[in-house]
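Student: Input: one structure, supplied below.
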There are 4 protein chains.
Amino acid sequence: MSEPHKTLWAGRYEHAAAESVRRLNDSYPFDNRLYAADIACSIAYARALAKAGVISNTEADQLHDGLTRVLAEFDSGTFRPAPGDEDIHTAVERRLTELVGAVAGKLHTGRSRNDQVATDVRYWQAQALRRIIPLITALGRALVELAKPHTETLMPGFTHLRAAQPISAAHWLLSYFWMLSRDVERFEATLNATLTSPLGSGALAGTPYPIDRTALAESMGFLRASRNSLDAVADRDFVSGFIYVSALMMTHLSRFAEDVILFSSGPFGFIKLDERYTTGSSLMPQKQNPDVLELTRGKAGRIAGHLCGLLNTLKGLPTGYNKDLQEDKEPLFDTADTLETLLPALIGTVETLRFVPERMAAALDEGMLATDLADYLVKRGVPFREAHGLVGRAVRRSLETNTPLSKLPYADYQAISSAYGEDLYAVFDFAASLAKRRAVGGTAPDAVREQIAAAEAWLAERGA
Amino acid sequence: MSEPHKTLWAGRYEHAAAESVRRLNDSYPFDNRLYAADIACSIAYARALAKAGVISNTEADQLHDGLTRVLAEFDSGTFRPAPGDEDIHTAVERRLTELVGAVAGKLHTGRSRNDQVATDVRYWQAQALRRIIPLITALGRALVELAKPHTETLMPGFTHLRAAQPISAAHWLLSYFWMLSRDVERFEATLNATLTSPLGSGALAGTPYPIDRTALAESMGFLRASRNSLDAVADRDFVSGFIYVSALMMTHLSRFAEDVILFSSGPFGFIKLDERYTTGSSLMPQKQNPDVLELTRGKAGRIAGHLCGLLNTLKGLPTGYNKDLQEDKEPLFDTADTLETLLPALIGTVETLRFVPERMAAALDEGMLATDLADYLVKRGVPFREAHGLVGRAVRRSLETNTPLSKLPYADYQAISSAYGEDLYAVFDFAASLAKRRAVGGTAPDAVREQIAAAEAWLAERGA
Amino acid sequence: MSEPHKTLWAGRYEHAAAESVRRLNDSYPFDNRLYAADIACSIAYARALAKAGVISNTEADQLHDGLTRVLAEFDSGTFRPAPGDEDIHTAVERRLTELVGAVAGKLHTGRSRNDQVATDVRYWQAQALRRIIPLITALGRALVELAKPHTETLMPGFTHLRAAQPISAAHWLLSYFWMLSRDVERFEATLNATLTSPLGSGALAGTPYPIDRTALAESMGFLRASRNSLDAVADRDFVSGFIYVSALMMTHLSRFAEDVILFSSGPFGFIKLDERYTTGSSLMPQKQNPDVLELTRGKAGRIAGHLCGLLNTLKGLPTGYNKDLQEDKEPLFDTADTLETLLPALIGTVETLRFVPERMAAALDEGMLATDLADYLVKRGVPFREAHGLVGRAVRRSLETNTPLSKLPYADYQAISSAYGEDLYAVFDFAASLAKRRAVGGTAPDAVREQIAAAEAWLAERGA
Amino acid sequence: MSEPHKTLWAGRYEHAAAESVRRLNDSYPFDNRLYAADIACSIAYARALAKAGVISNTEADQLHDGLTRVLAEFDSGTFRPAPGDEDIHTAVERRLTELVGAVAGKLHTGRSRNDQVATDVRYWQAQALRRIIPLITALGRALVELAKPHTETLMPGFTHLRAAQPISAAHWLLSYFWMLSRDVERFEATLNATLTSPLGSGALAGTPYPIDRTALAESMGFLRASRNSLDAVADRDFVSGFIYVSALMMTHLSRFAEDVILFSSGPFGFIKLDERYTTGSSLMPQKQNPDVLELTRGKAGRIAGHLCGLLNTLKGLPTGYNKDLQEDKEPLFDTADTLETLLPALIGTVETLRFVPERMAAALDEGMLATDLADYLVKRGVPFREAHGLVGRAVRRSLETNTPLSKLPYADYQAISSAYGEDLYAVFDFAASLAKRRAVGGTAPDAVREQIAAAEAWLAERGA
């Protein structure tokens with residue numbers, strides 16, 4: 001026979017839920033990781049009930065002690081869920097009742113699982129963000145440290161994966177630093193937005209007890225209390241925000257991964273990955289595979305999928321809490337886990353990768369100075385658009401005669417345009433090309449050193 | 001010190017992977033559920049190696065026996081993974097070596113994890129599809145059974161969630177049956193597409209051993225061998241296909257869920273859900289919440305998210321196997337698990353739900369017969385477009401005078417058009433309206449009974 | 001024969017692009033709407049070139065005048081694209097050349113289409129945001145104005161679409177106001193992030209001309225210059241950010257739309273939509289369909305799709321500009337167009353909708369006061385969890401005997417628990433229930449009036 | 001004053017829709033391209049009405065003639081929409097009325113825009129599929145033709161973008177052929193599924209007129225009539241199916257594009273793209289950019305986004321037609337347009353690309369024969385797993401001494417294992433390695449020629 005009274009809500013029920021419903025509904029297997037958040041928020045809530053005169057201070061103490069004991073059981077791995085524990089909130093309350101008796105039944109006064117779970121998840125997410133943000137800044141730091149000795153290390157800069165103009169390896173690395181810096185700022189804004197407390201919203205209509213919700217919020221480390229109880233219990237903007245900023249960062253990291261996979265491939269050979277950050281093949285003894293980077297790239301899809309899924313789940317829900325919202329947790333947890341697992345491996349990859357400057361230099365070709373040659377003509381009074389055409393013709397001549405631009409006879413240049421002077425050959429100097437791009441954000445060593453200084457200041461603000 | 005030789009590929013390696021890489025890379029925690037597939041395919045592979053003369057029949061027997069013992073350990077829960085078991089394939093081979101010694105090292109001859117994992121996942125997916133398809137047909141069956149007694153039970157048919165025309169409850173239920181029938185046909189096509197065997201493709205280039213790949217495929221229950229080894233190891237169309245047909249079915253189920261949530265809400269009241277298929281509230285003792293249906297609706301987002309994520313992961317991958325492809329497994333497993341958990345609860349929900357015909361009838365209003373009134377005018381020779389306008393004016397008059405159409409004085413109708421005859425009032429009969437829609441697919445009881453017969457024939461073909 | 005010199009880049013080319021390539025590549029049909037942004041930024045760029053001494057002030061004046069004439073042609077609809085105009089940038093430069101001659105060829109000095117298009121799109125997006133943000137605040141204002149007279153208008157508050165507790169109509173409306181307020185804040189942050197100028201980044205490596213990029217940025221109304229040229233030309237975070245905040249807002253609006261569709265349906269009847277904000281049926285003369293709200297709900301999918309698509313497009317791109325990035329524009333433009341078309345219709349819908357308080361009141365039932373009854377027991381010393389169970393049993397009794405809770409004999413209550421006193425019947429007062437939820441964010445009229453005051457202050461800050 | 005009577009549904013309306021609603025609602029700007037489908041289906045419907053005795057044959061002739069004239073106006077570009085034409089259906093009917101008078105009003109008898117639009121869109125999609133499928137098979141044909149002369153052209157086969165084993169260029173090309181063949185089969189299945197006619201379903205409940213829906217379906221070229229009217233009007237599975245198979249094919253094409261972008265990059269240099277299938281740079285005269293391929297890769301995101309968007313839009317819609325479904329058209333049209341624009345450019349790209357066999361050969365290195373060396377040991381009785389280790393150690397030795405495997409002294413091999421014989425050096429022959437992989441699907445020239453034969457047979461079945 002069914003035993004409906006095991007759940008928190010069984011009073012009016014004659015029959016327990018069908019077994020298939022229980023299996024579908026039970027969230028304990030994944031939401032049990034909220035235990036510390038749930039207990040911390042319950043302790044704060046017990047205090048708030050006491051301050052509001054709803055329970056006595058002694059009762060609050062009893063609850064506090066009992067909850068601390070439940071926490072210890074979870075922390076030590078000795079907590080044992082019971083069959084009726086349909087979620088972490090039920091499990092904690094059930095165990096609390098076993099430990100402290102009837103007073104446990106007072107903890108839920110004026111509280112619904114709707115505001116409780118919304119609070120727990122925010123609390124948990126804030127903690128996760130506090131762990132993840134330093135990992136991102138550490139990755140940024142690793143990029144900056146790797147960049148420092150390479151402000152004059154030449155490499156081809158690509159557009160359309162075609163060698164375009166020479167840049168420095170540092171400039172390339174820092175392009176990713178700045179993406180990450182924007183990511184960190186978005187994560188910080190997300191943390192701030194997370195720190196709104198729904199507790200005291202009840203199921204949807206607010207609490208009839210004189211709880212000081214703002215003080216309660218602050219006692220849990222939140223920055224503010226929510227403004228509308230109906231909104232508060234169903235608001236998952238903070239989860240969506242976390243997954244979005246993660247998805248966008250993963251997109252950045254997928255681009256970095258793509259670059260390093262390419263640059264460490266045989267034909268490129270710009271980069272050597274440390275053996276400890278590669279893996280081998282079960283069939284081919286010679287292989288060294290950049291699994292960390294491939295997983296980085298692949299997991300960008302995973303997190304983007306979580307975002308698409310969550311937006312789909314939220315779409316068109318009617319007012320107030322709906323059970324659909326339970327679907328927020330697994331993508332949230334998986335997003336945090338993915339970042340916490342991936343970022344350390346990426347940091348190590350960056351810290352241990354080595355450039356191969358001779359391969360990078362060998363990949364430079366004079367075509368990459370064609371723009372410099374056009375700029376040379378501009379200095380001699382040719383409008384840029386015309387100069388571009390005149391250089392284009394030199395490039396074509398160079399291809400037709402299979403002669404590098406720097407070896408193309410002066411007569412050939414003259415045949416194209418009298419604007420070419422004999423000093424044109426001075427253009428064919430990669431380092432000089434680099435040094436010219438000195439404006440803010442350019443690849444000139446001086447400009448890149450300014451970038452590094454700015455990056456370090458940004459990191460210093462974050463203690464990284 | 002690191003011990004790189006624990007992995008399958010450590011030969012050329014001086015250093016083991018960094019700890020962070022191991023944690024990122026290890027797929028055993030989620031791919032261990034492939035164990036039965038992995039072992040079944042390895043047993044078949046050992047036989048194929050023997051037939052090709054690569055190993056002896058005795059060796060094949062030893063491998064078969066050893067693999068059977070490993071399987072037994074997994075089945076009985078006594079298998080213990082070792083620290084170096086980076087995935088299920090490694091774990092099985094490691095354990096096999098412990099059990100049968102050096103001969104285990106022959107099993108991987110000519111095989112790569114690339115073709116092995118692609119084969120295992122297809123094998124696993126085929127099994128999952130064989131479990132899931134009957135669940136969908138069972139849900140279809142439940143809808144048909146529920147429909148049978150309700151071919152004449154009137155309810156409002158909605159468009160734009162506005163009462164539009166009367167239909168029968170059976171007609172409404174069968175609209176979902178036909179969606180599911182298309183879903184099943186898509187699942188069946190997906191199963192067929194899954195049954196292509198990549199085994200014998202090696203890492204990418206094919207096998208140098210004279211294995212009869214077609215016979216090997218058939219010995220594992222596949223229908224055919226793949227045509228191109230490079231395609232075979234990186235092809236995840238079958239996973240994408242499975243997730244897509246699941247996402248689309250979930251979309252259908254989300255619409256059914258939405259309907260039942262609405263129809264069982266207080267203001268509608270068309271449907272009573274069985275208590276065993278609802279849950280209660282921790283705060284509000286009176287609540288009966290349709291969690292099964294809300295989770296159905298919410299999980300439609302989850303599966304759509306898996307699809308978006310997988311397409312993103314696959315996008316732009318270079319030729320051959322890339323580690324990114326490891327990201328196929330978790331969405332695949334979760335999709336199968338979601339369907340296998342959800343469908344039984346939905347079947348139970350349908351089997352136990354009851355209509356409340358008096359509430360459905362009460363929701364019919366004469367406005368829903370306005371089209372019938374226009375059709376009446378059409379029969380009297382008024383072009384439909386004009387008839388529509390003439391009825392529109394009657395509707396407006398009815399609203400202005402707060403009089404139902406059937407009580408609007410004949411003079412009012414005449415004032416609008418002389419085409420209205422005194423027999424117009426016969427139009428106001430919901431059952432008669434229903435009975436008129438007799439063409440194939442219409443809501444007339446006769447037409448619906450034909451639908452039911454067709455549905456039963458379709459189910460009978462599938463033994464459901 | 002082909003005429004390759006028509007494009008900006010034809011110099012080195014012997015053959016023009018194939019016709020199929022031209023059709024694929026030409027972005028003029030959709031990017032021509034950037035014309036005003038392109039011209040404004042080119043005017044600023046001409047000035048910057050003059051300040052840097054690259055061109056003379058006279059030349060800058062000529063360019064300014066010419067560009068102003070091109071703008072006038074676009075504004076007046078007299079601009080005629082030429083066959084070689086592969087994008088708006090080419091078209092403007094081509095026409096400028098026709099109007100001012102060779103000096104036009106100086107405008108592109110040190111500039112690439114890569115930094116040009118990134119600048120134009122940011123400029124355009126900033127303008128779009130400046131149009132859209134006031135539309136959102138106007139919708140917020142409409143919600144607040146509608147809420148004001150309804151702080152005491154009772155309606156059922158729902159969870160799981162089941163009547164849960166009484167709330168006021170104002171409270172329900174304000175739940176959407178606060179969502180929109182968060183949206184506006186996200187839009188404002190997106191506008192800020194948009195205002196970084198990439199101009200002067202060249203194709204990827206920076207500019208060799210001594211342009212003051214920060215001054216140039218400010219002269220176009222940007223807040224700052226980008227920090228790294230390679231990042232700057234390929235950074236589409238701002239587009240992604242805009243689409244994300246739009247997708248999340250659309251999710252909120254889809255929920256509002258769902259509510260209003262439900263609440264204005266026949267069975268609910270809480271809301272009457274103004275006829276001007278509904279549409280009719282081509283077949284059924286009586287219909288009034290909430291198309292605006294359905295399109296709002298449906299278009300939430302559209303914008304979420306744009307986000308998923310863009311993240312997919314960005315995933316795994318190698319360093320620097322890649323042509324894939326051209327795929328940012330159509331989703332961006334469509335997102336802005338969708339919001340600019342939808343929001344006015346929604347504002348009108350809100351401004352004209354009317355509540356039907358008698359239907360809302362009729363939908364209240366005493367079960368919704370079950371929590372209040374539990375709170376009553378709590379006041380009498382019963383722990384909440386026990387009180388919940390005792391009320392659950394009263395609810396069951398009420399269902400079994402088909403008697404409302406307020407009519408259930410006192411003896412029945414006593415049979416359940418002696419904690420029930422005769423004063424329990426005072427609980428059955430919806431307005432009193434409302435008034436009790438006075439804590440911040442609760443549904444009590446006083447608390448809701450505080451919400452309104454806070455909302456008005458928030459709107460006032462934005463001049464709305 | 002407003003003139004509500006301009007729409008098809010204005011009868012009961014006092015006020016016209018607000019201007020903002022009209023702008024939001026009007027679908028004519030994008031659905032006018034359905035004109036030919038709409039008219040063809042209307043002509044068929046007029047005939048069906050006549051056969052059913054609802055209108056006379058003379059009337060059907062009048063409608064046929066009038067509709068043919070409307071079609072001619074559209075085809076010749078002389079059709080002029082009127083302000084009230086809110087969609088293509090209204091526009092056609094309005095114009096028909098102008099041309100043939102009151103009889104036009106009979107065309108909509110028993111028909112709703114709900115079944116009409118569902119029919120039109122299916123008709124349109126079927127036509128689009130009939131145009132697109134031959135483009136895909138033509139691309140497949142181009143791959144096969146390019147493959148034929150390259151069955152013995154060696155190139156590195158990659159896994160993890162690391163040279164793994166030698167394969168032939170033909171094998172690589174054919175891996176994409178087989179992906180496309182699966183795509184075509186999915187498109188063909190989608191075409192079949194598209195050819196279900198909803199016409200005669202009315203708004204939702206079916207038609208009261210004695211129309212032979214199956215004959216009507218066949219007269220329009222459909223294969224069957226839909227089974228349930230309520231399902232039929234809201235079923236968009238066929239659109240979802242089309243977008244899904246397109247998204248998956250785009251994923252395949254994105255991988256091909258990625259490969260060709262990489263292989264035609266400077267460091268790889270395996271492939272030369274024809275100039276006509278590349279574009280240049282506005283700043284850098286030397287550039288030749290693979291825009292076609294980058295747009296292919298980028299547009300994979302676009303189509304995946306349409307799919308995500310549509311699934312989101314469909315999720316949770318209540319029963320029957322909802323206006324949200326209007327959101328199916330733009331993604332559908334854009335998907336078809338994208339494929340029809342992209343595929344010709346890709347076909348041309350493939351038809352004109354040239355391999356650079358010397359660069360491909362130069363990228364082979366002996367490490368890629370390590371598996372062959374292990375297979376050599378296997379032949380000498382060493383279990384594969386052990387052989388893998390022994391070769392791994394040779395690879396390490398080769399790296400440490402900077403000596404290619406084929407130059408590593410025999411003593412070094414012997415020091416590793418006595419299983420190495422002096423004949424080991426015969427392994428170092430790339431063509432021989434290729435030739436060994438003769439099993440079905442392998443890269444051996446013979447096996448690849450069998451692939452080509454199978455591919456040609458497949459193409460021949462489709463007349464391609």
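By convention in this document, the chains of the structure tokens carry letters A, B, ... by their order, each chain's residues are numbered from 1, and ligands are numbered from 1 in the order they are shown.
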Using only C-alpha atoms, determine which residues lie at most 8 Å from region 307-312 of chain A, disregarding the query and same-chain residues fewer than 4 positions distant; provide the list as a list in words.

Tutor: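 So, after excluding close chain neighbours, the residues are Ser240, Ile243, Tyr244, Ala247, Ile303, Glu327, Asp328 and Pro331 of chain A; Ala300, Gly301, Arg302, Ile303, Ala304, Gly305, His306, Cys308 and Gly309 of chain B; Ala247, Leu248, Thr251, Gly301, Ala304, Gly305 and Cys308 of chain C; Cys308, Leu311, Asn312 and Lys315 of chain D.
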
Student: Find the residues around region 44-57 of chain C up to 12 Å (only C-alpha atoms counted), leave out those fewer than 5 positions away in its own chain, and share them as a PyMOL selection string.

Tutor: (chain A and resi 375+378-384+439) or (chain C and resi 37-39+62-68+103-112+115-116+119-120+197-200+207-222)

Student: Which residue gives the smallest distance to Pro156 (chain D) among D:Asp259, D:Glu422, D:Glu330, D:Asp365, with only C-alpha atoms counted?

Tutor: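 Closest residue, counting only C-alpha atoms: D:Asp365.
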
Student: Smallest atom-to-atom distance to chain D: which of A:Pro404, A:Gly269, A:Gly348, A:Pro29, using only C-alpha atoms?

Tutor: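 Among A:Pro404, A:Gly269, A:Gly348, A:Pro29, it is A:Gly269 that comes nearest to chain D.
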
Student: Using DSSP assignments from the backbone, pull out every residue in region 196-374 of chain C that falls under helix (DSSP H, G or I) and give it to me as a PyMOL selection string.

Tutor: chain C and resi 213-219+229-234+237-263+275-277+291-314+323-352+357-362+366-374

Student: Could you save those same residues with C-alpha atoms as a compact mmCIF listing (two decimals), in the first residue's frame?

Tutor:
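The resulting file, result-v5.txt, is shown below:
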```
# COMPACT_ATOMS: atom_id res chain seq x y z
CA ARG C 213 41.83 56.53 -31.84
CA THR C 214 40.28 57.65 -28.59
CA ALA C 215 39.45 61.09 -29.96
CA LEU C 216 38.11 59.44 -33.10
CA ALA C 217 35.93 57.13 -30.98
CA GLU C 218 34.50 60.06 -29.05
CA SER C 219 33.86 62.07 -32.20
CA SER C 229 43.18 45.34 -32.94
CA LEU C 230 42.97 41.61 -33.56
CA ASP C 231 40.21 41.22 -31.00
CA ALA C 232 38.46 44.36 -32.21
CA VAL C 233 37.82 43.28 -35.80
CA ALA C 234 36.36 39.91 -34.86
CA ASP C 237 30.15 40.05 -28.17
CA PHE C 238 28.07 43.17 -28.50
CA VAL C 239 25.77 41.58 -31.08
CA SER C 240 25.48 38.43 -29.04
CA GLY C 241 24.77 40.53 -25.97
CA PHE C 242 22.00 42.45 -27.69
CA ILE C 243 20.37 39.30 -28.99
CA TYR C 244 20.66 37.61 -25.61
CA VAL C 245 19.03 40.42 -23.66
CA SER C 246 16.35 40.54 -26.34
CA ALA C 247 15.79 36.79 -26.16
CA LEU C 248 15.46 36.91 -22.39
CA MET C 249 13.06 39.84 -22.56
CA MET C 250 11.04 38.01 -25.19
CA THR C 251 10.89 35.07 -22.80
CA HIS C 252 9.39 37.39 -20.19
CA LEU C 253 6.97 38.82 -22.70
CA SER C 254 6.04 35.31 -23.84
CA ARG C 255 5.00 34.56 -20.28
CA PHE C 256 2.97 37.74 -20.09
CA ALA C 257 1.40 36.88 -23.44
CA GLU C 258 0.56 33.39 -22.22
CA ASP C 259 -1.10 34.82 -19.14
CA VAL C 260 -3.18 37.31 -21.05
CA ILE C 261 -4.18 34.71 -23.66
CA LEU C 262 -5.32 32.44 -20.83
CA PHE C 263 -6.94 35.15 -18.78
CA GLU C 275 -11.17 44.85 -30.25
CA ARG C 276 -8.50 46.94 -31.97
CA TYR C 277 -5.88 44.64 -30.49
CA ASP C 291 -2.84 37.67 -32.40
CA VAL C 292 -0.58 40.29 -30.85
CA LEU C 293 -0.03 38.09 -27.83
CA GLU C 294 0.36 34.92 -29.83
CA LEU C 295 2.95 36.58 -32.03
CA THR C 296 4.72 37.83 -28.93
CA ARG C 297 4.90 34.29 -27.63
CA GLY C 298 5.88 32.87 -31.00
CA LYS C 299 8.55 35.45 -31.67
CA ALA C 300 10.28 34.55 -28.40
CA GLY C 301 11.33 31.44 -30.30
CA ARG C 302 12.50 33.47 -33.24
CA ILE C 303 14.87 35.58 -31.15
CA ALA C 304 16.12 32.61 -29.12
CA GLY C 305 16.82 30.97 -32.46
CA HIS C 306 18.91 33.95 -33.55
CA LEU C 307 20.95 33.60 -30.38
CA CYS C 308 21.53 29.88 -30.83
CA GLY C 309 22.43 30.46 -34.44
CA LEU C 310 24.93 33.20 -33.69
CA LEU C 311 26.67 31.24 -30.94
CA ASN C 312 26.92 28.32 -33.35
CA THR C 313 28.35 30.57 -36.06
CA LEU C 314 30.93 32.03 -33.70
CA LYS C 323 33.74 35.87 -43.38
CA ASP C 324 31.47 33.78 -41.18
CA LEU C 325 31.06 36.95 -39.14
CA GLN C 326 28.94 38.45 -41.89
CA GLU C 327 26.24 36.19 -40.50
CA ASP C 328 25.85 38.51 -37.53
CA LYS C 329 23.90 41.14 -39.38
CA GLU C 330 20.64 39.55 -40.37
CA PRO C 331 19.84 38.20 -36.89
CA LEU C 332 20.83 41.55 -35.41
CA PHE C 333 18.63 43.54 -37.78
CA ASP C 334 15.75 41.13 -37.41
CA THR C 335 15.97 41.25 -33.63
CA ALA C 336 15.79 45.03 -33.62
CA ASP C 337 12.97 45.06 -36.17
CA THR C 338 11.03 42.47 -34.21
CA LEU C 339 11.24 44.50 -31.02
CA GLU C 340 10.42 47.76 -32.73
CA THR C 341 7.36 46.24 -34.38
CA LEU C 342 6.17 44.21 -31.44
CA LEU C 343 6.55 46.58 -28.52
CA PRO C 344 4.17 49.29 -29.79
CA ALA C 345 1.46 46.68 -30.34
CA LEU C 346 2.03 45.30 -26.86
CA ILE C 347 1.96 48.74 -25.29
CA GLY C 348 -1.37 49.37 -26.97
CA THR C 349 -2.65 46.00 -25.81
CA VAL C 350 -1.80 46.79 -22.20
CA GLU C 351 -3.13 50.33 -22.38
CA THR C 352 -6.50 49.13 -23.62
CA PRO C 357 -13.28 41.85 -11.56
CA GLU C 358 -16.45 39.80 -11.15
CA ARG C 359 -14.96 36.92 -13.16
CA MET C 360 -11.72 37.18 -11.20
CA ALA C 361 -13.60 37.13 -7.92
CA ALA C 362 -15.72 34.19 -9.06
CA GLU C 366 -11.81 28.79 -0.34
CA GLY C 367 -9.17 26.18 -0.95
CA MET C 368 -6.91 29.13 -1.67
CA LEU C 369 -7.15 30.08 1.98
CA ALA C 370 -5.90 26.72 3.20
CA THR C 371 -2.50 28.21 3.89
CA ASP C 372 -4.14 30.94 5.91
CA LEU C 373 -5.89 28.29 7.89
CA ALA C 374 -2.56 26.62 8.55
```

Student: Taking only C-alpha atoms into account, produce a table as CSV in which each residue of chain C with an atom at most 6 Å from an atom of chain B appears once, together with its shortest atom pair and the distance in Å to one decimal, ordered by chain and rising number.

Tutor:
```
residue,atom,partner,partner_atom,distance
C:His160,CA,B:Asn289,CA,5.9
C:Arg162,CA,B:Ser265,CA,5.9
C:Ser265,CA,B:Arg162,CA,5.9
C:Pro267,CA,B:Pro267,CA,5.2
C:Phe268,CA,B:Pro267,CA,5.4
C:Met284,CA,B:Thr371,CA,5.1
C:Pro285,CA,B:Gly392,CA,4.8
C:Gln286,CA,B:Gly367,CA,5.5
C:Asn289,CA,B:His160,CA,5.9
C:Asn312,CA,B:Asn312,CA,5.0
C:Gly367,CA,B:Gln286,CA,5.5
C:Ala370,CA,B:Pro285,CA,6.0
C:Thr371,CA,B:Met284,CA,5.1
C:His388,CA,B:Pro285,CA,5.9
C:Gly392,CA,B:Pro285,CA,4.8
```

Student: Between CA of Glu86 (chain A) and CA of Tyr28 (chain A), measure the distance and give it in Å to one decimal.

Tutor: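 Going from CA of Glu86 (chain A) over to CA of Tyr28 (chain A) covers 5.7 Å.
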
Student: For Ala447 (chain B), list every protein, DNA or RNA residue within 9 Å, evaluated using only C-alpha atoms, and leave out those in the same chain fewer than 5 positions away; present the list as a list in words.

Tutor: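 Counting only the stated atoms, we get Ala435, Arg437, Arg438, Ala439, Val440, Gly441, Gly442 and Ile452 of chain B.
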
Student: Hey, what's within 12 Å of Val184 (chain C) if we count only C-alpha atoms and toss same-chain stuff fewer than 6 positions away? As a ChimeraX atom specification, please?

Tutor: /C:129-130,132-140,177-178,190-191,242,245-246,248-249,458-459,462,464
